[in-house]
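Enquirer: This one is my_file22.cif, mmCIF, C-alpha atoms (C1' of nucleotides).
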```cif
data_protein
loop_
_atom_site.label_atom_id
_atom_site.label_comp_id
_atom_site.auth_asym_id
_atom_site.auth_seq_id
_atom_site.Cartn_x
_atom_site.Cartn_y
_atom_site.Cartn_z
CA MET A 1 -23.93 16.47 48.39
CA SER A 2 -20.66 18.06 47.55
CA THR A 3 -19.89 20.14 44.50
CA THR A 4 -17.86 17.40 42.93
CA THR A 5 -19.87 14.27 43.33
CA THR A 6 -21.31 13.50 39.94
CA GLY A 7 -21.95 14.66 36.46
CA SER A 8 -20.64 17.54 34.48
CA ALA A 9 -17.51 18.45 36.32
CA THR A 10 -16.37 20.20 33.16
CA THR A 11 -18.68 23.07 33.88
CA ARG A 12 -17.13 24.10 37.12
CA ALA A 13 -18.56 27.40 38.17
CA PRO A 14 -16.23 29.45 40.38
CA ARG A 15 -17.00 27.86 43.71
CA GLU A 16 -19.16 29.99 45.90
CA HIS A 17 -19.22 29.72 49.65
CA ASP A 18 -18.07 26.11 49.79
CA GLU A 19 -14.42 25.37 50.44
CA VAL A 20 -12.07 23.70 48.01
CA ARG A 21 -11.47 20.06 48.82
CA TRP A 22 -7.70 20.11 48.55
CA LEU A 23 -5.87 16.86 48.13
CA THR A 24 -4.72 15.10 51.29
CA ALA A 25 -1.02 14.55 51.72
CA ASP A 26 -1.38 10.95 50.56
CA GLU A 27 -3.43 11.91 47.56
CA GLN A 28 -0.98 14.61 46.65
CA ARG A 29 1.95 12.22 46.89
CA ALA A 30 0.20 9.62 44.78
CA TRP A 31 -0.88 12.13 42.17
CA ARG A 32 2.60 13.52 41.83
CA ALA A 33 4.21 10.12 41.67
CA TYR A 34 1.78 9.24 38.93
CA ARG A 35 2.44 12.41 36.96
CA ASP A 36 6.16 12.21 37.33
CA GLY A 37 6.53 8.48 36.78
CA THR A 38 4.30 8.62 33.74
CA ALA A 39 6.21 11.48 32.18
CA ARG A 40 9.52 9.71 32.64
CA LEU A 41 8.19 6.35 31.54
CA LEU A 42 6.63 7.53 28.31
CA ASP A 43 9.72 9.53 27.59
CA VAL A 44 12.02 6.55 27.87
CA LEU A 45 9.73 4.27 25.93
CA ALA A 46 9.45 6.76 23.11
CA HIS A 47 13.20 7.21 22.94
CA GLU A 48 14.00 3.54 23.03
CA LEU A 49 11.42 2.75 20.39
CA GLU A 50 12.71 5.52 18.15
CA GLN A 51 16.26 4.35 18.70
CA ASP A 52 15.62 0.69 18.05
CA SER A 53 13.15 0.88 15.24
CA GLY A 54 12.86 4.43 13.95
CA LEU A 55 9.17 4.54 14.80
CA SER A 56 7.57 7.10 17.05
CA LEU A 57 5.26 5.91 19.79
CA GLY A 58 2.36 7.45 17.91
CA GLU A 59 3.18 5.62 14.71
CA TYR A 60 3.65 2.40 16.61
CA GLU A 61 0.25 2.72 18.21
CA VAL A 62 -1.39 3.30 14.85
CA LEU A 63 0.28 0.21 13.45
CA VAL A 64 -0.79 -1.89 16.41
CA ARG A 65 -4.43 -0.95 16.04
CA LEU A 66 -4.37 -1.60 12.33
CA SER A 67 -2.64 -4.93 12.80
CA GLU A 68 -5.50 -6.11 14.97
CA ALA A 69 -8.27 -4.94 12.71
CA PRO A 70 -9.91 -7.15 10.09
CA GLN A 71 -8.18 -6.63 6.75
CA ARG A 72 -5.66 -4.60 8.71
CA THR A 73 -7.95 -1.71 7.90
CA LEU A 74 -9.78 0.84 9.99
CA ARG A 75 -11.76 3.96 9.35
CA MET A 76 -9.91 7.12 10.26
CA SER A 77 -12.44 8.02 12.90
CA GLU A 78 -12.38 4.58 14.48
CA LEU A 79 -8.64 4.76 14.64
CA ALA A 80 -8.81 8.21 16.19
CA GLY A 81 -11.36 7.01 18.71
CA GLU A 82 -9.31 4.03 19.81
CA LEU A 83 -6.15 6.05 20.13
CA ALA A 84 -7.92 8.93 21.86
CA HIS A 85 -6.35 11.26 19.32
CA SER A 86 -8.04 14.18 17.64
CA ARG A 87 -9.12 13.60 14.08
CA SER A 88 -6.79 16.34 13.01
CA ARG A 89 -3.84 14.79 14.74
CA LEU A 90 -4.53 11.46 13.19
CA THR A 91 -4.79 12.97 9.71
CA HIS A 92 -1.34 14.48 10.08
CA THR A 93 0.18 11.33 11.51
CA VAL A 94 -1.33 9.16 8.81
CA ARG A 95 -0.23 11.52 6.06
CA ARG A 96 3.34 11.20 7.28
CA MET A 97 3.03 7.45 7.62
CA GLU A 98 1.58 7.18 4.14
CA ALA A 99 4.50 9.15 2.75
CA ALA A 100 6.77 6.70 4.54
CA GLY A 101 4.92 3.79 2.96
CA LEU A 102 3.63 2.35 6.23
CA VAL A 103 -0.06 2.75 5.51
CA GLU A 104 -2.37 3.56 2.61
CA ARG A 105 -5.63 5.41 2.47
CA ALA A 106 -8.60 4.55 0.28
CA PRO A 107 -12.09 5.97 0.09
CA CYS A 108 -14.66 4.03 2.04
CA LEU A 109 -17.31 2.40 -0.13
CA GLU A 110 -20.20 2.29 2.31
CA ASP A 111 -19.80 5.90 3.33
CA ALA A 112 -18.34 8.27 0.80
CA ARG A 113 -17.25 10.66 3.53
CA GLY A 114 -15.12 7.99 5.11
CA VAL A 115 -11.53 6.98 4.53
CA ASN A 116 -10.14 3.55 5.17
CA CYS A 117 -6.63 3.33 6.45
CA THR A 118 -4.80 0.12 5.66
CA MET A 119 -1.47 -1.12 6.84
CA THR A 120 0.92 -1.95 4.02
CA GLU A 121 3.17 -4.98 3.94
CA THR A 122 6.05 -2.65 4.74
CA GLY A 123 4.14 -1.31 7.73
CA TRP A 124 3.50 -4.84 8.92
CA ARG A 125 7.15 -5.77 8.68
CA ARG A 126 8.18 -2.61 10.49
CA LEU A 127 5.78 -3.43 13.30
CA VAL A 128 6.95 -7.03 13.53
CA ASP A 129 10.54 -5.85 13.67
CA ALA A 130 9.81 -3.20 16.26
CA ALA A 131 7.59 -5.16 18.59
CA PRO A 132 10.12 -7.38 20.40
CA SER A 133 12.38 -4.60 21.55
CA HIS A 134 9.44 -2.40 22.44
CA VAL A 135 7.98 -5.16 24.57
CA GLU A 136 11.34 -5.54 26.24
CA SER A 137 11.26 -1.82 26.99
CA VAL A 138 7.83 -2.00 28.50
CA ARG A 139 8.87 -4.97 30.59
CA ALA A 140 12.12 -3.45 31.70
CA HIS A 141 10.67 -0.13 32.78
CA LEU A 142 7.16 -1.04 33.85
CA VAL A 143 5.96 -4.63 34.01
CA ASP A 144 9.04 -6.18 35.56
CA VAL A 145 9.41 -3.30 37.99
CA LEU A 146 6.02 -4.06 39.51
CA SER A 147 4.62 -7.17 41.13
CA PRO A 148 1.86 -8.85 39.14
CA ALA A 149 -0.61 -7.57 41.72
CA GLN A 150 0.67 -4.03 41.34
CA MET A 151 0.49 -4.22 37.60
CA GLN A 152 -3.05 -5.47 37.85
CA ALA A 153 -3.98 -2.71 40.27
CA LEU A 154 -2.47 -0.10 37.98
CA GLY A 155 -4.48 -1.43 35.08
CA ASP A 156 -7.70 -1.60 37.07
CA ALA A 157 -7.31 1.91 38.39
CA MET A 158 -6.58 3.44 35.02
CA ALA A 159 -9.34 1.44 33.38
CA ALA A 160 -11.75 2.97 35.88
CA VAL A 161 -10.37 6.42 35.14
CA GLY A 162 -10.66 5.89 31.41
CA ALA A 163 -14.19 4.55 31.71
CA ALA A 164 -15.26 7.48 33.87
CA LEU A 165 -13.88 9.89 31.29
CA GLN A 166 -15.75 8.26 28.47
CA ALA A 167 -18.92 8.23 30.51
CA GLY A 168 -18.25 11.88 31.26
CA CYS A 169 -18.04 12.71 27.57
CA ALA A 170 -21.34 11.00 26.94
CA GLN A 171 -22.79 12.94 29.85
CA VAL A 172 -21.58 16.25 28.46
CA GLU A 173 -23.11 15.42 25.12
CA ALA A 174 -26.38 14.50 26.79
CA ASP A 175 -26.31 17.77 28.73
CA ALA A 176 -25.71 19.73 25.56
CA GLU A 177 -28.61 17.94 23.97
CA ALA A 178 -30.85 18.62 26.92
CA ALA A 179 -29.86 22.28 27.02
CA GLY A 180 -30.36 22.77 23.32
CA ARG A 181 -33.70 20.99 23.24
CA MET B 182 18.97 -15.47 33.92
CA SER B 183 16.85 -13.74 31.36
CA THR B 184 17.86 -10.98 29.02
CA THR B 185 15.81 -8.40 30.83
CA THR B 186 16.53 -8.87 34.46
CA THR B 187 18.87 -6.11 35.45
CA GLY B 188 20.99 -3.25 34.38
CA SER B 189 21.24 -1.32 31.17
CA ALA B 190 18.13 -2.32 29.37
CA THR B 191 18.70 0.70 27.18
CA THR B 192 21.33 -1.14 25.24
CA ARG B 193 19.15 -3.87 23.93
CA ALA B 194 21.04 -5.84 21.35
CA PRO B 195 18.81 -7.59 18.81
CA ARG B 196 17.93 -10.69 20.77
CA GLU B 197 19.72 -13.75 19.60
CA HIS B 198 18.42 -17.25 20.15
CA ASP B 199 16.31 -16.45 23.19
CA GLU B 200 12.63 -15.84 22.72
CA VAL B 201 10.83 -12.59 23.36
CA ARG B 202 8.94 -12.52 26.62
CA TRP B 203 5.67 -11.16 25.27
CA LEU B 204 3.21 -9.66 27.68
CA THR B 205 0.58 -11.96 29.12
CA ALA B 206 -3.05 -11.17 28.39
CA ASP B 207 -3.40 -9.57 31.83
CA GLU B 208 -0.26 -7.52 31.44
CA GLN B 209 -1.33 -6.42 28.02
CA ARG B 210 -4.74 -5.36 29.27
CA ALA B 211 -3.25 -3.45 32.18
CA TRP B 212 -0.65 -1.74 30.02
CA ARG B 213 -3.22 -0.63 27.50
CA ALA B 214 -5.64 0.58 30.14
CA TYR B 215 -2.81 2.59 31.61
CA ARG B 216 -1.78 4.11 28.28
CA ASP B 217 -5.29 4.87 27.24
CA GLY B 218 -6.55 6.15 30.58
CA THR B 219 -3.49 8.33 31.00
CA ALA B 220 -3.82 9.86 27.57
CA ARG B 221 -7.45 10.73 28.14
CA LEU B 222 -6.88 11.95 31.67
CA LEU B 223 -4.04 14.32 30.87
CA ASP B 224 -5.96 15.57 27.90
CA VAL B 225 -9.00 16.49 29.94
CA LEU B 226 -6.98 18.02 32.73
CA ALA B 227 -5.04 20.17 30.29
CA HIS B 228 -8.19 21.37 28.60
CA GLU B 229 -10.01 22.16 31.80
CA LEU B 230 -7.05 24.00 33.22
CA GLU B 231 -6.64 26.01 30.04
CA GLN B 232 -10.35 26.75 30.00
CA ASP B 233 -10.63 27.81 33.62
CA SER B 234 -7.41 29.69 34.07
CA GLY B 235 -5.69 30.18 30.75
CA LEU B 236 -2.64 28.29 31.94
CA SER B 237 -1.21 25.26 30.21
CA LEU B 238 -0.43 22.21 32.29
CA GLY B 239 3.26 22.85 31.71
CA GLU B 240 3.07 26.41 32.94
CA TYR B 241 1.06 25.33 35.93
CA GLU B 242 3.66 22.75 36.88
CA VAL B 243 6.42 25.31 36.65
CA LEU B 244 4.51 27.65 38.90
CA VAL B 245 3.82 24.90 41.43
CA ARG B 246 7.49 24.00 41.73
CA LEU B 247 8.52 27.61 42.07
CA SER B 248 5.83 28.26 44.65
CA GLU B 249 7.30 25.56 46.86
CA ALA B 250 10.90 26.67 46.54
CA PRO B 251 12.59 29.01 48.99
CA GLN B 252 12.32 32.59 47.71
CA ARG B 253 9.99 31.13 45.09
CA THR B 254 13.16 30.71 43.09
CA LEU B 255 14.85 27.79 41.43
CA ARG B 256 17.76 27.26 39.11
CA MET B 257 16.73 26.41 35.58
CA SER B 258 18.35 23.01 35.75
CA GLU B 259 16.76 22.15 39.08
CA LEU B 260 13.41 23.08 37.67
CA ALA B 261 14.05 20.99 34.59
CA GLY B 262 15.12 18.06 36.73
CA GLU B 263 12.04 18.16 38.94
CA LEU B 264 9.71 18.44 36.01
CA ALA B 265 11.55 15.82 34.01
CA HIS B 266 11.68 18.28 31.14
CA SER B 267 14.61 18.85 28.84
CA ARG B 268 16.63 21.98 29.49
CA SER B 269 15.71 23.22 26.07
CA ARG B 270 12.04 22.72 26.64
CA LEU B 271 12.23 24.56 29.92
CA THR B 272 14.06 27.47 28.35
CA HIS B 273 11.30 27.90 25.80
CA THR B 274 8.53 27.54 28.35
CA VAL B 275 10.15 30.00 30.71
CA ARG B 276 10.81 32.50 27.95
CA ARG B 277 7.12 32.48 27.14
CA MET B 278 6.16 32.71 30.78
CA GLU B 279 8.54 35.59 31.30
CA ALA B 280 6.98 37.41 28.37
CA ALA B 281 3.63 36.84 30.05
CA GLY B 282 4.96 38.26 33.31
CA LEU B 283 4.59 35.05 35.30
CA VAL B 284 8.25 34.56 36.11
CA GLU B 285 11.52 36.45 35.94
CA ARG B 286 15.05 35.31 35.28
CA ALA B 287 18.16 36.60 36.92
CA PRO B 288 21.77 35.49 36.73
CA CYS B 289 22.87 33.24 39.54
CA LEU B 290 25.50 34.76 41.82
CA GLU B 291 27.24 31.62 43.05
CA ASP B 292 27.59 30.19 39.57
CA ALA B 293 27.82 32.58 36.67
CA ARG B 294 26.61 29.92 34.26
CA GLY B 295 23.39 29.54 36.17
CA VAL B 296 20.09 31.33 35.88
CA ASN B 297 17.60 31.73 38.69
CA CYS B 298 13.97 31.61 37.80
CA THR B 299 11.66 33.44 40.18
CA MET B 300 7.91 33.55 40.31
CA THR B 301 6.49 37.04 40.10
CA GLU B 302 3.62 38.32 42.19
CA THR B 303 1.47 38.02 39.09
CA GLY B 304 2.55 34.44 38.66
CA TRP B 305 1.68 33.72 42.26
CA ARG B 306 -1.77 35.21 41.89
CA ARG B 307 -2.39 33.28 38.70
CA LEU B 308 -1.44 30.07 40.46
CA VAL B 309 -3.63 30.80 43.48
CA ASP B 310 -6.53 31.54 41.18
CA ALA B 311 -5.96 28.45 39.08
CA ALA B 312 -5.36 25.92 41.83
CA PRO B 313 -8.87 25.36 43.18
CA SER B 314 -10.45 24.49 39.89
CA HIS B 315 -7.49 22.39 38.87
CA VAL B 316 -7.73 20.42 42.08
CA GLU B 317 -11.41 19.91 41.42
CA SER B 318 -10.50 18.55 38.00
CA VAL B 319 -8.00 16.14 39.43
CA ARG B 320 -10.53 15.00 42.00
CA ALA B 321 -13.35 14.67 39.55
CA HIS B 322 -11.43 12.65 37.01
CA LEU B 323 -8.94 10.76 39.10
CA VAL B 324 -9.00 10.87 42.88
CA ASP B 325 -12.72 10.59 43.40
CA VAL B 326 -13.04 7.94 40.73
CA LEU B 327 -10.76 5.63 42.68
CA SER B 328 -10.99 4.22 46.17
CA PRO B 329 -8.34 5.55 48.56
CA ALA B 330 -6.64 2.16 48.37
CA GLN B 331 -6.58 2.28 44.59
CA MET B 332 -5.22 5.79 44.59
CA GLN B 333 -2.51 4.69 46.98
CA ALA B 334 -1.69 1.66 44.87
CA LEU B 335 -1.48 3.81 41.76
CA GLY B 336 0.90 6.17 43.49
CA ASP B 337 3.04 3.38 44.88
CA ALA B 338 3.30 1.66 41.54
CA MET B 339 4.23 4.76 39.65
CA ALA B 340 6.66 5.83 42.34
CA ALA B 341 8.42 2.50 41.88
CA VAL B 342 8.48 3.01 38.14
CA GLY B 343 9.84 6.51 38.49
CA ALA B 344 12.48 5.41 40.95
CA ALA B 345 13.58 2.57 38.71
CA LEU B 346 13.93 4.97 35.82
CA GLN B 347 16.06 7.36 37.81
CA ALA B 348 18.19 4.49 39.04
CA GLY B 349 18.41 3.37 35.44
CA CYS B 350 19.72 6.76 34.37
CA ALA B 351 22.35 6.65 37.07
CA GLN B 352 23.25 3.15 35.91
CA VAL B 353 23.67 4.26 32.32
CA GLU B 354 25.90 7.08 33.43
CA ALA B 355 27.95 4.69 35.52
CA ASP B 356 28.22 2.34 32.56
CA ALA B 357 29.38 5.16 30.33
CA GLU B 358 31.93 6.11 32.94
CA ALA B 359 33.13 2.53 33.25
CA ALA B 360 33.34 2.14 29.48
CA GLY B 361 35.21 5.39 28.99
CA ARG B 362 37.67 4.72 31.80
"C1'" DT C 363 -36.74 16.74 -4.08
"C1'" DG C 364 -34.44 19.85 -1.32
"C1'" DC C 365 -33.39 22.04 3.18
"C1'" DG C 366 -31.05 22.08 7.61
"C1'" DG C 367 -28.23 19.86 10.95
"C1'" DT C 368 -24.64 16.48 11.73
"C1'" DT C 369 -20.53 13.65 10.80
"C1'" DA C 370 -15.92 12.48 8.38
"C1'" DG C 371 -11.94 14.12 7.07
"C1'" DT C 372 -8.63 17.58 5.58
"C1'" DT C 373 -6.03 21.78 5.70
"C1'" DG C 374 -3.06 25.53 7.17
"C1'" DA C 375 -1.63 28.52 10.73
"C1'" DG C 376 0.05 28.98 15.18
"C1'" DA C 377 1.91 26.99 19.40
"C1'" DT C 378 4.78 23.60 21.55
"C1'" DT C 379 8.39 20.16 21.71
"C1'" DT C 380 12.58 18.01 20.14
"C1'" DC C 381 17.05 17.97 18.30
"C1'" DT C 382 21.46 19.82 17.58
"C1'" DA C 383 24.77 23.14 17.82
"C1'" DC C 384 26.62 26.85 20.19
"C1'" DT C 385 28.49 30.09 24.03
"C1'" DA C 386 30.06 30.79 28.53
"C1'" DC C 387 31.64 29.37 32.77
"C1'" DA C 388 33.40 25.84 36.36
"C1'" DG C 389 36.55 22.47 37.99
"C1'" DT C 390 40.70 19.57 37.43
"C1'" DG C 391 45.34 18.40 36.53
"C1'" DG C 392 49.71 19.63 34.67
"C1'" DC D 393 48.45 29.98 34.56
"C1'" DC D 394 46.61 27.13 30.91
"C1'" DA D 395 44.52 23.46 28.50
"C1'" DC D 396 40.81 20.18 28.91
"C1'" DT D 397 36.57 18.28 30.10
"C1'" DG D 398 32.09 18.77 31.82
"C1'" DT D 399 27.95 21.57 33.03
"C1'" DA D 400 24.29 25.47 32.46
"C1'" DG D 401 21.69 27.65 29.52
"C1'" DT D 402 20.23 29.41 25.04
"C1'" DA D 403 18.87 29.63 20.05
"C1'" DG D 404 17.02 28.22 15.79
"C1'" DA D 405 15.28 24.71 12.71
"C1'" DA D 406 12.54 20.78 12.10
"C1'" DA D 407 8.94 17.83 13.73
"C1'" DT D 408 4.64 17.44 15.97
"C1'" DC D 409 0.28 18.83 17.97
"C1'" DT D 410 -3.73 21.95 18.52
"C1'" DC D 411 -7.20 24.83 16.92
"C1'" DA D 412 -10.36 26.82 13.88
"C1'" DA D 413 -12.12 26.87 9.44
"C1'" DC D 414 -13.60 24.43 5.44
"C1'" DT D 415 -15.47 20.75 2.03
"C1'" DA D 416 -18.16 16.89 1.13
"C1'" DA D 417 -21.48 13.64 2.16
"C1'" DC D 418 -25.01 11.54 5.20
"C1'" DC D 419 -29.63 11.73 7.48
"C1'" DG D 420 -34.19 13.14 8.87
"C1'" DC D 421 -37.91 15.49 7.41
"C1'" DA D 422 -41.25 18.43 5.09
#
```
How does this structure look as structure tokens?
Expert:
Amino acid sequence: MSTTTTGSATTRAPREHDEVRWLTADEQRAWRAYRDGTARLLDVLAHELEQDSGLSLGEYEVLVRLSEAPQRTLRMSELAGELAHSRSRLTHTVRRMEAAGLVERAPCLEDARGVNCTMTETGWRRLVDAAPSHVESVRAHLVDVLSPAQMQALGDAMAAVGAALQAGCAQVEADAEAAGR
Amino acid sequence: MSTTTTGSATTRAPREHDEVRWLTADEQRAWRAYRDGTARLLDVLAHELEQDSGLSLGEYEVLVRLSEAPQRTLRMSELAGELAHSRSRLTHTVRRMEAAGLVERAPCLEDARGVNCTMTETGWRRLVDAAPSHVESVRAHLVDVLSPAQMQALGDAMAAVGAALQAGCAQVEADAEAAGR
DNA sequence: TGCGGTTAGTTGAGATTTCTACTACAGTGG
DNA sequence: CCACTGTAGTAGAAATCTCAACTAACCGCA
């Protein structure tokens, strides 16, 4: 049973007498390619989107989530959860977007603490205008560069990573609960 | 011959009578899983690194590159190129790191415009201290979550993406050259 | 009812990143 | 040698993100 098999890897005590399991050469190569490729990819996509439509990637993502929600409306915290953004970050983003007329905020009736964020008609049009060229970007730099099988594998791998992280969060919370009991 | 097959996809004219090639459901799923998983992964890794060693991911990356360079020294622009960071960004990062005693800058002898960035002994020690727990993080949240084959596939895919982007840059430059001739 | 403990959201300060302009030097061609 | 064009690096302002309070409202419970 190694030190890194399961559970709360976030509480990594300074390892004791056991050796570090360094990455193998293959793992190292893959990890670096992932880091590097991702950095460059997101960079290009952000620039092209900005260029073509004047939206930042963050704003675009917000609009996409809202566009898919019933009433084109989502609670701030739901939005933050889906985007994996901090609540604070989302507040700032949404404030800017509201000033730009892309979204509106309204108090939530069922829960007076809550705030509903709704896409405006302007926001919708901006998204509709932006989407085609953004999709072309994603195709040009990612989807069309890979074989369908590769694209699938990429998605599967990162879905597993994402799922493990969310499970990990739940685990940490459970640990905290257990400790504080 | 579609509108997105080859060449300078960065100059995407508003498409005319041809339809947008939207992503298929599978492509969409994969793309989102990638975006989402990546966001969460980098977030966790940055936090854990910060927590365990007080280094930001950016600083860590700088130190890694320097540690692998002869004399633990690299030109600013080489460093920026390897990290896929803007020159400006690197200047700011390095200024902060120099203030913290992690690196030092010295004028470059062969080219008086250049600046050599060298890792200090302190920087080296900080990296050596930080590496084990960072590697554990990467294992815990990425490498050990995937099968070796998946990890390999992830690396291969993103290497292809990265390569295409660099080729794309070269292409844009060539285009600019051709246009300005 | 009223007291904690928790959750939703905001705010402002500080840190980082981006954008743009600027200086200095290198390399080329007349 | 000199102008011209391109490259290396920096600097400051503006935009964005993170972090640590803070307010308000919900929820369980005595």
Enquirer: Starting from the shown file, work through the PyMOL selection byres ((chain D) within 12 of (chain A)) and note down what comes out as a list in words.
Expert: DA407, DT408, DC409, DT410, DC411, DA412, DT415, DA416, DA417 and DC418 of chain D
Enquirer: Once the PyMOL selection byres ((chain C) within 9 of (chain B)) has been evaluated on this model, what residues remain selected, and can you format them as a PDB file with C-alpha atoms (C1' of nucleotides), in the coordinates of the input?
Expert:
```pdb
ATOM      1  C1'  DT C 378       4.780  23.600  21.550  1.00  0.00           C
ATOM      2  C1'  DT C 379       8.390  20.160  21.710  1.00  0.00           C
ATOM      3  C1'  DT C 380      12.580  18.010  20.140  1.00  0.00           C
ATOM      4  C1'  DA C 386      30.060  30.790  28.530  1.00  0.00           C
ATOM      5  C1'  DC C 387      31.640  29.370  32.770  1.00  0.00           C
ATOM      6  C1'  DA C 388      33.400  25.840  36.360  1.00  0.00           C
TER       7       DA C 388
END
```
Enquirer: Taking 2 positions as the minimum chain separation for residues in the same chain, which residues sit within 10 Å of B:Glu259 when counting only C-alpha atoms (C1' of nucleotides)? Answer as JSON, numbers by chain.
Expert: {"B": [246, 255, 256, 257, 261, 262, 263, 264, 265, 268, 297, 298]}
Enquirer: Evaluate the PyMOL selection byres ((chain A) within 8 of (chain B)) on the structure here and hand back the selected residues as a PyMOL selection string.
Expert: chain A and resi 4-5+9-10+12+14+20-23+26-27+29-34+36-41+48+83-84+132-133+135-137+139-143+145-146+150-165
Enquirer: As an NGL selection string, please: the residues near A:Val103 (cut-off 8 Å, all atoms listed in the file, same-chain neighbours under 2 positions excluded).
Expert: :A and (94 or 97-98 or 100-101 or 105 or 117-120 or 123)
Enquirer: What does the distance between atom CA of B:Arg307 and atom CA of B:Pro288 come to in Å, to one decimal place?
Expert: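 Straight-line distance from atom CA of B:Arg307 to atom CA of B:Pro288 works out to 24.3 Å.
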